[in-house]
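Participant: Structure in structure tokens, see below.
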Amino acid sequence: MSSQYALIKDGLQEIVQNLSQINEDSGGERLNEVSDKLTLEQFNLVVMGQFKRGKSTLINALLGAEILPTAIVPLTSIVTIIRYGKESKAEVRYLNDNKEDIQLSDIPKFVTEKENPKNKLGVKDVEVFYPSDYLKNGVRIIDTPGVGSVFKHNTDVAYAYLPYVDAGIFIVTPDPPLGEAEHRFLKEVREHANKFFFVLNKTDLVDEKDLAESIALTDDLLRKTLEKPVNLYPVSAKFALTGKLQGDSEKLTRSGVLTFERDLTDFLHCEKGKTFLHSVISSLLKYIADETMACKLEQEAARLTVEELKSNITSFEKYAKTTIKDRDRQGFILDGHINKLQQGLDEDLAALKKEDLPVLLGKLDKVFSQKTALNPSSHELEKEMENYVFEEIKTIFIAFRKNETEKIAAALEEIYLDEYWDGCFNITLLRIAGDGSSGE
Ligand SMILES: Nc1nc2c(ncn2[C@@H]2O[C@H](COP(=O)(O)OP(=O)(O)OP(=O)(O)O)[C@@H](O)[C@H]2O)c(=O)[nH]1
Ligand SMILES: [Mg+2]
């Protein structure tokens, strides 16, 4: 296998050189990227999915360290590439080609929507070096922003990364199940990568019966979308991470991540080379198809008269102007949606305080009088009361958080679909208007 692999790899490198010579004027950057990929044998294992499914948490679980920031709100906004390094370190690469070494603890400042809103810092990506066995032999684990959130630019970044996927880990969760945004994303993903692992995360949040139903439903939806059977790995990335961090092997086993890790490791040992070559061949085929199309367009353009060309340019400029206006309008509408969501959350928090606080205080009074009667030692009493308060607040907040996550996810899905269909409608109107004006 290895000599065959080397032979094909060298052959592909030769094809890249030949293509560069044939087409000296254009496409140089794309061919250089393929050539570098072949030389460095870079293999991109990309983690993708809808916002908040637990992509960053799963990567942390695989690495056994809290490297990437995670949160309850849509968070990752910039691609983070994790590659092998004997020592842990990180580097920010900016869109203007500048680079900067940063502390691992400063990663959130650059890759999160909260600290770098709308990528105001102009970050291209962040590269993290880390000594994990997964990252040996050119494997790069890549965290991408989630699709389908109210931050449309995060969805754009995830879509734009698809051509770089050699193998993917696609994350879904039982609750809510596969939604419209994910369904659309999956259809696109299908066109780009040969190998995908499907992970059903957050299994710790559902009971056994719900989990079994969810596995069957997700499996069915994925099979229908991808038109082939899939292997679905039920895991709890949260338990896997805490299991590894606390050396709790029982928790780690319960997380289900070990089966996934076993299959992932097998794949990286046995099938990575074949998938890598497939991926390079696909990139080259896409490059050839694009260049052929560009040639055809050039030939067509050469046949047009100057008047026809001028008229096409005018129509295009008109279309571009309307599109920019439409983008600004959408931005304005989305800001309104965000404010509404925030307002809803504030109202729910106020209601929680108003309804649950008096009940909690009543319970505390009752437990306090029971416990003082049984155990007057102030130190132990304080500890017991602290534990009681902690558990009560945790129960209230877990229920609140679950409820709010569902509410926000449903609201975001609705906003996304509204905007999507609005966009389709506007494009149709523009096309109709364009057809009319060209006939004038
Ligand atoms: N209960 C539970 N919570 C989880 C699990 N995995 C992730 N979470 C939580 O889900 C939330 C989102 O996790 P992230 O890892 O930030 O999700 P993400 O997919 O990277 O989100 P974006 O970057 O916004 O797309 C965080 O609050 C995590 O703690 C899990 O297995 N179980
Ligand atoms: Mg994330």
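Chain labels A, B, ... are given in the sequence in which chains occur in the structure tokens; within each chain residues are numbered consecutively from 1, and ligands are likewise numbered from 1 in the order shown.
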Please provide as a PDB file with N, CA, C and O atoms, in the first residue's frame all residues within 8 Å of stretch 153-158 of chain A, with the sequence filter that same-chain residues fewer than 2 positions apart are discarded (counting only C-alpha atoms).
Facilitator:
```
ATOM      1  N   MET A  48     -17.935  19.631  12.083  1.00  0.00           N
ATOM      2  CA  MET A  48     -18.954  20.564  11.592  1.00  0.00           C
ATOM      3  C   MET A  48     -20.333  20.227  12.173  1.00  0.00           C
ATOM      4  O   MET A  48     -20.545  19.144  12.700  1.00  0.00           O
ATOM      5  N   THR A  76     -18.366  29.861  18.490  1.00  0.00           N
ATOM      6  CA  THR A  76     -17.210  29.845  17.586  1.00  0.00           C
ATOM      7  C   THR A  76     -17.549  30.610  16.314  1.00  0.00           C
ATOM      8  O   THR A  76     -18.561  30.345  15.671  1.00  0.00           O
ATOM      9  N   SER A  77     -16.679  31.573  15.974  1.00  0.00           N
ATOM     10  CA  SER A  77     -16.960  32.348  14.767  1.00  0.00           C
ATOM     11  C   SER A  77     -15.818  32.275  13.771  1.00  0.00           C
ATOM     12  O   SER A  77     -15.940  32.725  12.646  1.00  0.00           O
ATOM     13  N   ILE A  78     -14.690  31.709  14.198  1.00  0.00           N
ATOM     14  CA  ILE A  78     -13.486  31.657  13.369  1.00  0.00           C
ATOM     15  C   ILE A  78     -12.980  30.218  13.363  1.00  0.00           C
ATOM     16  O   ILE A  78     -13.048  29.527  14.378  1.00  0.00           O
ATOM     17  N   VAL A  79     -12.456  29.790  12.219  1.00  0.00           N
ATOM     18  CA  VAL A  79     -11.914  28.430  12.116  1.00  0.00           C
ATOM     19  C   VAL A  79     -10.662  28.300  12.991  1.00  0.00           C
ATOM     20  O   VAL A  79      -9.802  29.174  12.964  1.00  0.00           O
ATOM     21  N   LYS A 118     -18.491  39.811  14.641  1.00  0.00           N
ATOM     22  CA  LYS A 118     -18.417  40.005  13.187  1.00  0.00           C
ATOM     23  C   LYS A 118     -16.962  40.066  12.709  1.00  0.00           C
ATOM     24  O   LYS A 118     -16.632  40.778  11.773  1.00  0.00           O
ATOM     25  N   THR A 144     -15.005  24.373  13.344  1.00  0.00           N
ATOM     26  CA  THR A 144     -15.634  25.385  12.484  1.00  0.00           C
ATOM     27  C   THR A 144     -16.813  26.020  13.226  1.00  0.00           C
ATOM     28  O   THR A 144     -17.381  25.421  14.138  1.00  0.00           O
ATOM     29  N   PRO A 145     -17.200  27.232  12.816  1.00  0.00           N
ATOM     30  CA  PRO A 145     -18.390  27.839  13.430  1.00  0.00           C
ATOM     31  C   PRO A 145     -19.632  27.019  13.076  1.00  0.00           C
ATOM     32  O   PRO A 145     -19.672  26.376  12.025  1.00  0.00           O
ATOM     33  N   GLY A 146     -20.653  27.091  13.953  1.00  0.00           N
ATOM     34  CA  GLY A 146     -21.880  26.327  13.695  1.00  0.00           C
ATOM     35  C   GLY A 146     -22.749  26.995  12.644  1.00  0.00           C
ATOM     36  O   GLY A 146     -22.755  28.220  12.534  1.00  0.00           O
ATOM     37  N   VAL A 147     -23.478  26.179  11.882  1.00  0.00           N
ATOM     38  CA  VAL A 147     -24.388  26.753  10.882  1.00  0.00           C
ATOM     39  C   VAL A 147     -25.765  26.988  11.513  1.00  0.00           C
ATOM     40  O   VAL A 147     -26.104  26.402  12.531  1.00  0.00           O
ATOM     41  N   GLY A 148     -26.546  27.863  10.869  1.00  0.00           N
ATOM     42  CA  GLY A 148     -27.955  28.024  11.243  1.00  0.00           C
ATOM     43  C   GLY A 148     -28.208  28.963  12.397  1.00  0.00           C
ATOM     44  O   GLY A 148     -29.355  29.099  12.817  1.00  0.00           O
ATOM     45  N   SER A 149     -27.173  29.609  12.952  1.00  0.00           N
ATOM     46  CA  SER A 149     -27.468  30.520  14.056  1.00  0.00           C
ATOM     47  C   SER A 149     -27.860  31.871  13.476  1.00  0.00           C
ATOM     48  O   SER A 149     -27.812  32.082  12.274  1.00  0.00           O
ATOM     49  N   PHE A 151     -26.238  34.415  13.604  1.00  0.00           N
ATOM     50  CA  PHE A 151     -25.059  35.054  13.022  1.00  0.00           C
ATOM     51  C   PHE A 151     -24.760  34.414  11.669  1.00  0.00           C
ATOM     52  O   PHE A 151     -24.043  33.416  11.583  1.00  0.00           O
ATOM     53  N   ALA A 160     -17.860  28.013   3.587  1.00  0.00           N
ATOM     54  CA  ALA A 160     -16.644  28.320   2.815  1.00  0.00           C
ATOM     55  C   ALA A 160     -15.537  27.319   3.115  1.00  0.00           C
ATOM     56  O   ALA A 160     -14.613  27.167   2.322  1.00  0.00           O
ATOM     57  N   TYR A 161     -15.615  26.637   4.262  1.00  0.00           N
ATOM     58  CA  TYR A 161     -14.547  25.695   4.608  1.00  0.00           C
ATOM     59  C   TYR A 161     -14.732  24.312   3.967  1.00  0.00           C
ATOM     60  O   TYR A 161     -13.820  23.488   3.973  1.00  0.00           O
ATOM     61  N   LEU A 162     -15.907  24.080   3.390  1.00  0.00           N
ATOM     62  CA  LEU A 162     -16.197  22.738   2.862  1.00  0.00           C
ATOM     63  C   LEU A 162     -15.154  22.212   1.861  1.00  0.00           C
ATOM     64  O   LEU A 162     -14.807  21.030   1.910  1.00  0.00           O
TER      65      LEU A 162
END
```
Participant: Identify, on the basis of only C-alpha atoms, every residue whose closest approach to stretch 183-197 of chain A does not exceed 9 Å; exclude the query and any residue fewer than 3 positions from it along the same chain; express the result as a ChimeraX atom specification.
Facilitator: /A:49-50,147-148,159,162-171,178-180,221-222,225-226,230-233,260,264,275,278-279,282
Participant: Any chance you can output those residues with N, CA and C atoms as a short mmCIF file (atom, residue, chain, number, x, y, z; two decimals), in the first residue's frame?
Facilitator:
```
data_model
loop_
_atom_site.label_atom_id
_atom_site.label_comp_id
_atom_site.auth_asym_id
_atom_site.auth_seq_id
_atom_site.Cartn_x
_atom_site.Cartn_y
_atom_site.Cartn_z
N GLY A 49 -21.26 21.16 11.96
CA GLY A 49 -22.63 20.91 12.40
C GLY A 49 -23.31 22.21 12.77
N GLN A 50 -24.54 22.08 13.25
CA GLN A 50 -25.31 23.26 13.64
C GLN A 50 -24.69 23.89 14.90
N VAL A 147 -23.48 26.18 11.88
CA VAL A 147 -24.39 26.75 10.88
C VAL A 147 -25.77 26.99 11.51
N GLY A 148 -26.55 27.86 10.87
CA GLY A 148 -27.96 28.02 11.24
C GLY A 148 -28.21 28.96 12.40
N TYR A 159 -19.64 27.09 5.53
CA TYR A 159 -19.83 26.68 4.13
C TYR A 159 -18.54 26.88 3.33
N LEU A 162 -15.91 24.08 3.39
CA LEU A 162 -16.20 22.74 2.86
C LEU A 162 -15.15 22.21 1.86
N PRO A 163 -14.62 23.05 0.96
CA PRO A 163 -13.63 22.50 0.02
C PRO A 163 -12.36 21.97 0.69
N TYR A 164 -12.14 22.33 1.96
CA TYR A 164 -10.91 21.89 2.63
C TYR A 164 -11.11 20.62 3.47
N VAL A 165 -12.31 20.05 3.41
CA VAL A 165 -12.59 18.88 4.26
C VAL A 165 -12.06 17.61 3.59
N ASP A 166 -11.14 16.89 4.27
CA ASP A 166 -10.73 15.58 3.77
C ASP A 166 -11.62 14.50 4.39
N ALA A 167 -11.83 14.62 5.69
CA ALA A 167 -12.81 13.75 6.37
C ALA A 167 -13.50 14.63 7.40
N GLY A 168 -14.76 14.32 7.69
CA GLY A 168 -15.51 15.19 8.58
C GLY A 168 -16.10 14.45 9.77
N ILE A 169 -16.32 15.21 10.83
CA ILE A 169 -17.09 14.69 11.96
C ILE A 169 -18.31 15.61 12.03
N PHE A 170 -19.48 15.06 11.78
CA PHE A 170 -20.70 15.87 11.76
C PHE A 170 -21.47 15.60 13.05
N ILE A 171 -21.74 16.67 13.79
CA ILE A 171 -22.38 16.48 15.11
C ILE A 171 -23.85 16.87 15.10
N LEU A 178 -32.45 16.70 13.96
CA LEU A 178 -31.97 17.33 12.72
C LEU A 178 -32.96 18.36 12.18
N GLY A 179 -32.53 19.62 12.09
CA GLY A 179 -33.42 20.68 11.60
C GLY A 179 -33.16 21.02 10.15
N GLU A 180 -33.93 22.02 9.66
CA GLU A 180 -33.86 22.39 8.24
C GLU A 180 -32.47 22.91 7.85
N LEU A 221 -33.15 9.86 9.28
CA LEU A 221 -33.04 11.17 8.59
C LEU A 221 -31.72 11.28 7.84
N LEU A 222 -30.64 10.84 8.48
CA LEU A 222 -29.32 10.94 7.83
C LEU A 222 -29.27 10.05 6.60
N THR A 225 -31.17 11.68 3.80
CA THR A 225 -30.50 12.86 3.24
C THR A 225 -29.29 12.46 2.42
N LEU A 226 -28.52 11.50 2.94
CA LEU A 226 -27.26 11.15 2.27
C LEU A 226 -27.42 10.02 1.26
N VAL A 230 -25.52 5.15 7.39
CA VAL A 230 -24.45 5.84 8.11
C VAL A 230 -24.20 5.14 9.45
N ASN A 231 -22.99 5.37 9.98
CA ASN A 231 -22.66 4.88 11.31
C ASN A 231 -22.84 6.03 12.27
N LEU A 232 -23.73 5.88 13.24
CA LEU A 232 -23.98 6.99 14.16
C LEU A 232 -23.39 6.64 15.53
N TYR A 233 -22.59 7.55 16.08
CA TYR A 233 -21.95 7.28 17.37
C TYR A 233 -22.62 8.11 18.48
N PHE A 260 -16.24 5.54 19.53
CA PHE A 260 -15.98 6.51 18.47
C PHE A 260 -14.47 6.69 18.28
N LEU A 264 -12.27 6.01 14.95
CA LEU A 264 -11.56 7.16 14.38
C LEU A 264 -10.07 6.83 14.25
N THR A 275 -8.14 8.11 1.56
CA THR A 275 -9.06 9.27 1.59
C THR A 275 -8.33 10.55 1.20
N HIS A 278 -7.89 10.58 -2.57
CA HIS A 278 -9.23 10.85 -3.14
C HIS A 278 -9.51 12.34 -3.11
N SER A 279 -9.21 12.92 -1.95
CA SER A 279 -9.52 14.32 -1.73
C SER A 279 -8.69 15.22 -2.66
N SER A 282 -10.11 14.91 -6.12
CA SER A 282 -11.35 15.71 -6.25
C SER A 282 -11.02 17.18 -6.42
#
```
Participant: Out of A:Gly256, A:Gly85, A:Pro117, A:Pro69, which residue has the shortest atom-to-atom distance to A:Lys202 when counting only C-alpha atoms?
Facilitator: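 Checking each of A:Gly256, A:Gly85, A:Pro117, A:Pro69 against A:Lys202, counting only C-alpha atoms, the winner is A:Gly256.
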Participant: So which residues of stretch 33-130 of chain A fall under helix (DSSP H, G or I) by DSSP, listed as a list in words?
Facilitator: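 Taking stretch 33-130 of chain A and keeping helix (DSSP H, G or I) only, one gets Glu33, Val34, Ser35, Asp36, Lys37, Leu38, Thr39, Leu40, Lys55, Ser56, Thr57, Leu58, Ile59, Asn60, Ala61, Leu62, Leu63, Leu104, Ser105, Asp106, Ile107, Pro108, Lys109, Phe110, Val111, Pro117, Lys118 and Asn119 of chain A.
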Participant: Mind writing the picked residues with N, CA, C and O atoms as a short mmCIF file (atom, residue, chain, number, x, y, z; two decimals), in the first residue's frame?
Facilitator:
```
data_model
loop_
_atom_site.label_atom_id
_atom_site.label_comp_id
_atom_site.auth_asym_id
_atom_site.auth_seq_id
_atom_site.Cartn_x
_atom_site.Cartn_y
_atom_site.Cartn_z
N GLU A 33 -1.86 25.52 -3.31
CA GLU A 33 -2.48 24.92 -2.11
C GLU A 33 -2.45 23.39 -2.21
O GLU A 33 -2.10 22.70 -1.27
N VAL A 34 -2.82 22.87 -3.42
CA VAL A 34 -2.84 21.40 -3.60
C VAL A 34 -1.42 20.85 -3.49
O VAL A 34 -1.18 19.81 -2.86
N SER A 35 -0.46 21.58 -4.09
CA SER A 35 0.92 21.12 -4.06
C SER A 35 1.45 21.08 -2.62
O SER A 35 2.06 20.10 -2.19
N ASP A 36 1.16 22.15 -1.85
CA ASP A 36 1.59 22.17 -0.43
C ASP A 36 0.95 21.04 0.35
O ASP A 36 1.57 20.38 1.18
N LYS A 37 -0.34 20.81 0.06
CA LYS A 37 -1.07 19.74 0.76
C LYS A 37 -0.39 18.39 0.52
O LYS A 37 -0.21 17.60 1.44
N LEU A 38 -0.01 18.17 -0.76
CA LEU A 38 0.64 16.90 -1.12
C LEU A 38 2.01 16.79 -0.44
O LEU A 38 2.35 15.74 0.11
N THR A 39 2.76 17.88 -0.46
CA THR A 39 4.11 17.84 0.12
C THR A 39 4.04 17.61 1.63
O THR A 39 4.75 16.76 2.17
N LEU A 40 3.17 18.36 2.30
CA LEU A 40 3.11 18.27 3.77
C LEU A 40 2.21 17.13 4.24
O LEU A 40 2.13 16.85 5.43
N LYS A 55 -19.53 20.92 19.10
CA LYS A 55 -18.35 20.65 18.25
C LYS A 55 -17.05 20.93 19.03
O LYS A 55 -16.17 20.07 19.08
N SER A 56 -16.99 22.13 19.62
CA SER A 56 -15.75 22.50 20.33
C SER A 56 -15.55 21.59 21.54
O SER A 56 -14.42 21.18 21.83
N THR A 57 -16.64 21.24 22.22
CA THR A 57 -16.52 20.36 23.39
C THR A 57 -15.99 18.98 22.98
O THR A 57 -15.14 18.40 23.67
N LEU A 58 -16.48 18.47 21.83
CA LEU A 58 -16.01 17.14 21.39
C LEU A 58 -14.52 17.18 21.07
O LEU A 58 -13.78 16.24 21.41
N ILE A 59 -14.06 18.25 20.44
CA ILE A 59 -12.62 18.34 20.13
C ILE A 59 -11.82 18.37 21.44
O ILE A 59 -10.82 17.66 21.59
N ASN A 60 -12.29 19.16 22.39
CA ASN A 60 -11.60 19.19 23.70
C ASN A 60 -11.57 17.78 24.31
O ASN A 60 -10.57 17.37 24.89
N ALA A 61 -12.69 17.06 24.14
CA ALA A 61 -12.76 15.70 24.71
C ALA A 61 -11.74 14.80 24.02
O ALA A 61 -11.07 13.99 24.67
N LEU A 62 -11.62 14.92 22.69
CA LEU A 62 -10.65 14.08 21.98
C LEU A 62 -9.22 14.40 22.45
O LEU A 62 -8.40 13.50 22.62
N LEU A 63 -8.96 15.70 22.66
CA LEU A 63 -7.60 16.10 23.07
C LEU A 63 -7.38 15.87 24.57
O LEU A 63 -6.25 15.86 25.04
N LEU A 104 -2.50 30.17 24.82
CA LEU A 104 -3.67 29.31 24.61
C LEU A 104 -4.90 29.92 25.30
O LEU A 104 -6.01 29.88 24.79
N SER A 105 -4.66 30.54 26.47
CA SER A 105 -5.80 31.10 27.22
C SER A 105 -6.41 32.31 26.52
O SER A 105 -7.50 32.75 26.88
N ASP A 106 -5.70 32.87 25.51
CA ASP A 106 -6.24 34.03 24.80
C ASP A 106 -7.02 33.64 23.54
O ASP A 106 -7.53 34.52 22.84
N ILE A 107 -7.12 32.34 23.24
CA ILE A 107 -7.83 31.91 22.02
C ILE A 107 -9.24 32.51 21.95
O ILE A 107 -9.64 33.00 20.90
N PRO A 108 -10.03 32.52 23.06
CA PRO A 108 -11.40 33.06 22.97
C PRO A 108 -11.46 34.49 22.46
O PRO A 108 -12.44 34.89 21.83
N LYS A 109 -10.39 35.27 22.70
CA LYS A 109 -10.41 36.67 22.25
C LYS A 109 -10.49 36.78 20.74
O LYS A 109 -10.90 37.81 20.21
N PHE A 110 -10.06 35.73 20.05
CA PHE A 110 -9.98 35.81 18.59
C PHE A 110 -11.04 34.97 17.88
O PHE A 110 -11.44 35.32 16.78
N VAL A 111 -11.47 33.86 18.50
CA VAL A 111 -12.33 32.93 17.74
C VAL A 111 -13.80 32.96 18.14
O VAL A 111 -14.59 32.18 17.62
N PRO A 117 -16.76 40.18 17.74
CA PRO A 117 -18.02 40.17 16.97
C PRO A 117 -17.82 40.56 15.51
O PRO A 117 -17.07 41.48 15.21
N LYS A 118 -18.49 39.81 14.64
CA LYS A 118 -18.42 40.01 13.19
C LYS A 118 -16.96 40.07 12.71
O LYS A 118 -16.63 40.78 11.77
N ASN A 119 -16.09 39.37 13.43
CA ASN A 119 -14.66 39.31 13.10
C ASN A 119 -14.08 40.71 12.88
O ASN A 119 -13.36 40.96 11.91
#
```
Participant: Using only C-alpha atoms and all ligand atoms, can you tell me which of A:Thr112, A:Ser255, A:Thr265, A:Gln21 comes closest to ligand 2?
Facilitator: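 For ligand 2, the nearest of the candidates is A:Thr112.
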Participant: Give me, please, the distance in Å between atom CA of A:Asp210 and atom 1 (N, counted along the ligand's line) of ligand 1, quoted to one decimal.
Facilitator: 14.8 Å
Participant: I'd like to know which of A:Pro358, A:Pro131, A:Pro177, A:Gly54 is closest to A:Lys238, using only C-alpha atoms.
Facilitator: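 Of all the options, A:Gly54 lies closest to A:Lys238.
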Participant: If I take atom CA of A:Gln342 and atom CA of A:Val73, how far is one from the other in Å, to one decimal?
Facilitator: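 Separating atom CA of A:Gln342 from atom CA of A:Val73 is a distance of 11.3 Å.
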Participant: Give the answer as one residue: which of A:Glu24, A:Glu113, A:Asp143, A:Ala212 has the shortest atom-to-atom distance to ligand 2, using only C-alpha atoms and all ligand atoms?
Facilitator: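 Looking at the shortest contact to ligand 2, the residue is A:Asp143.
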Participant: To one decimal in Å, tell me the separation between atom CA of A:Gln103 and atom 23 (O, counted along the ligand's line) of ligand 1.
Facilitator: 19.8 Å
Participant: Out of A:Glu298, A:Asp290, A:Glu66, A:Asp204, which residue has the shortest atom-to-atom distance to ligand 1 when counting only C-alpha atoms and all ligand atoms?
Facilitator: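 The answer is A:Asp204, which sits nearest to ligand 1.
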Participant: Name the residues in contact with A:Gln13 at a cut-off of 12 Å, using only C-alpha atoms, excluding same-chain residues fewer than 2 positions from it; report them as a ChimeraX atom specification.
Facilitator: /A:6-11,15-20,31-41,277,280-281,284
Participant: Tell me which of A:Ala71, A:Leu297, A:Val235, A:Val199 sits closest to A:Thr405, counting only C-alpha atoms.
Facilitator: A:Ala71
Participant: Could you list, as a PyMOL selection string, every residue within 10 Å of A:Leu205, counting only C-alpha atoms and ignoring same-chain residues fewer than 6 positions away?
Facilitator: chain A and resi 173-175+211+236+402
Participant: Kindly save the residues from that selection, with all heavy atoms included, as a PDB file, in the first residue's frame.
Facilitator:
```pdb
ATOM      1  N   THR A 173     -27.600  16.341  17.729  1.00  0.00           N
ATOM      2  CA  THR A 173     -27.987  16.006  19.118  1.00  0.00           C
ATOM      3  C   THR A 173     -29.429  15.489  19.129  1.00  0.00           C
ATOM      4  O   THR A 173     -30.180  15.729  18.177  1.00  0.00           O
ATOM      5  CB  THR A 173     -27.886  17.242  20.060  1.00  0.00           C
ATOM      6  OG1 THR A 173     -28.695  18.283  19.513  1.00  0.00           O
ATOM      7  CG2 THR A 173     -26.480  17.739  20.220  1.00  0.00           C
ATOM      8  N   PRO A 174     -29.800  14.784  20.206  1.00  0.00           N
ATOM      9  CA  PRO A 174     -31.159  14.228  20.240  1.00  0.00           C
ATOM     10  C   PRO A 174     -32.234  15.307  20.297  1.00  0.00           C
ATOM     11  O   PRO A 174     -33.308  15.146  19.750  1.00  0.00           O
ATOM     12  CB  PRO A 174     -31.182  13.405  21.534  1.00  0.00           C
ATOM     13  CG  PRO A 174     -29.784  13.286  21.993  1.00  0.00           C
ATOM     14  CD  PRO A 174     -29.021  14.420  21.399  1.00  0.00           C
ATOM     15  N   ASP A 175     -31.901  16.438  20.952  1.00  0.00           N
ATOM     16  CA  ASP A 175     -32.962  17.393  21.242  1.00  0.00           C
ATOM     17  C   ASP A 175     -32.473  18.799  21.005  1.00  0.00           C
ATOM     18  O   ASP A 175     -31.607  19.269  21.755  1.00  0.00           O
ATOM     19  CB  ASP A 175     -33.352  17.212  22.719  1.00  0.00           C
ATOM     20  CG  ASP A 175     -34.640  17.914  23.027  1.00  0.00           C
ATOM     21  OD1 ASP A 175     -35.341  18.279  22.082  1.00  0.00           O
ATOM     22  OD2 ASP A 175     -34.921  18.108  24.225  1.00  0.00           O
ATOM     23  N   LEU A 211     -33.355   8.095  24.102  1.00  0.00           N
ATOM     24  CA  LEU A 211     -32.114   7.974  23.326  1.00  0.00           C
ATOM     25  C   LEU A 211     -32.297   6.956  22.194  1.00  0.00           C
ATOM     26  O   LEU A 211     -31.925   7.219  21.042  1.00  0.00           O
ATOM     27  CB  LEU A 211     -30.949   7.564  24.240  1.00  0.00           C
ATOM     28  CG  LEU A 211     -29.614   7.394  23.531  1.00  0.00           C
ATOM     29  CD1 LEU A 211     -29.162   8.700  22.883  1.00  0.00           C
ATOM     30  CD2 LEU A 211     -28.526   6.912  24.499  1.00  0.00           C
ATOM     31  N   SER A 236     -21.476  11.424  24.872  1.00  0.00           N
ATOM     32  CA  SER A 236     -21.614  12.650  25.650  1.00  0.00           C
ATOM     33  C   SER A 236     -20.216  13.254  25.711  1.00  0.00           C
ATOM     34  O   SER A 236     -19.345  12.764  26.444  1.00  0.00           O
ATOM     35  CB  SER A 236     -22.122  12.350  27.061  1.00  0.00           C
ATOM     36  OG  SER A 236     -21.855  13.480  27.872  1.00  0.00           O
ATOM     37  N   LYS A 402     -32.688  24.146  29.835  1.00  0.00           N
ATOM     38  CA  LYS A 402     -33.215  23.237  28.809  1.00  0.00           C
ATOM     39  C   LYS A 402     -34.365  23.935  28.072  1.00  0.00           C
ATOM     40  O   LYS A 402     -34.427  23.948  26.854  1.00  0.00           O
ATOM     41  CB  LYS A 402     -33.686  21.939  29.475  1.00  0.00           C
ATOM     42  CG  LYS A 402     -34.114  20.878  28.489  1.00  0.00           C
ATOM     43  CD  LYS A 402     -34.270  19.531  29.175  1.00  0.00           C
ATOM     44  CE  LYS A 402     -34.610  18.429  28.199  1.00  0.00           C
ATOM     45  NZ  LYS A 402     -35.934  18.510  27.636  1.00  0.00           N
TER      46      LYS A 402
END
```
Participant: Skipping near chain neighbours, those fewer than 6 positions away, what residues fall within 10 Å of A:Leu135 using only C-alpha atoms, listed as a list in words?
Facilitator: Phe43, Leu45, Leu63, Ile82, Arg83, Tyr84, Gly85, Phe129, Ile141 and Leu268 of chain A
Participant: For stretch 383-387 of chain A, find every residue with an atom within 10 Å (counting only C-alpha atoms), except residues of its own chain fewer than 6 positions away, and show them as a PyMOL selection string.
Facilitator: chain A and resi 364+367-368+371+375+393
Participant: Go ahead and write the selection's residues with N, CA and C atoms as a short mmCIF file (atom, residue, chain, number, x, y, z; two decimals), in the first residue's frame.
Facilitator:
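Produced file selection25.cif, reproduced below:
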```cif
data_model
loop_
_atom_site.label_atom_id
_atom_site.label_comp_id
_atom_site.auth_asym_id
_atom_site.auth_seq_id
_atom_site.Cartn_x
_atom_site.Cartn_y
_atom_site.Cartn_z
N LEU A 364 -35.93 26.66 51.93
CA LEU A 364 -34.72 26.85 52.74
C LEU A 364 -35.06 27.02 54.22
N VAL A 367 -36.08 23.58 55.61
CA VAL A 367 -34.95 22.66 55.79
C VAL A 367 -34.05 23.16 56.90
N PHE A 368 -33.87 24.49 56.98
CA PHE A 368 -32.99 25.05 58.01
C PHE A 368 -33.52 24.71 59.41
N LYS A 371 -32.97 21.02 60.07
CA LYS A 371 -31.57 20.65 60.29
C LYS A 371 -31.03 21.21 61.61
N ASN A 375 -29.07 18.91 64.05
CA ASN A 375 -27.63 19.07 64.11
C ASN A 375 -27.24 20.52 64.36
N ILE A 393 -30.54 25.10 43.41
CA ILE A 393 -30.32 26.08 42.33
C ILE A 393 -29.96 25.36 41.03
#
```
Participant: Give me, as a VMD selection string, the residues of stretch 50-177 of chain A that a backbone DSSP run labels strand (DSSP E).
Facilitator: chain A and resid 80 to 84 89 to 94 99 to 102 123 to 130 139 to 143 167 to 172
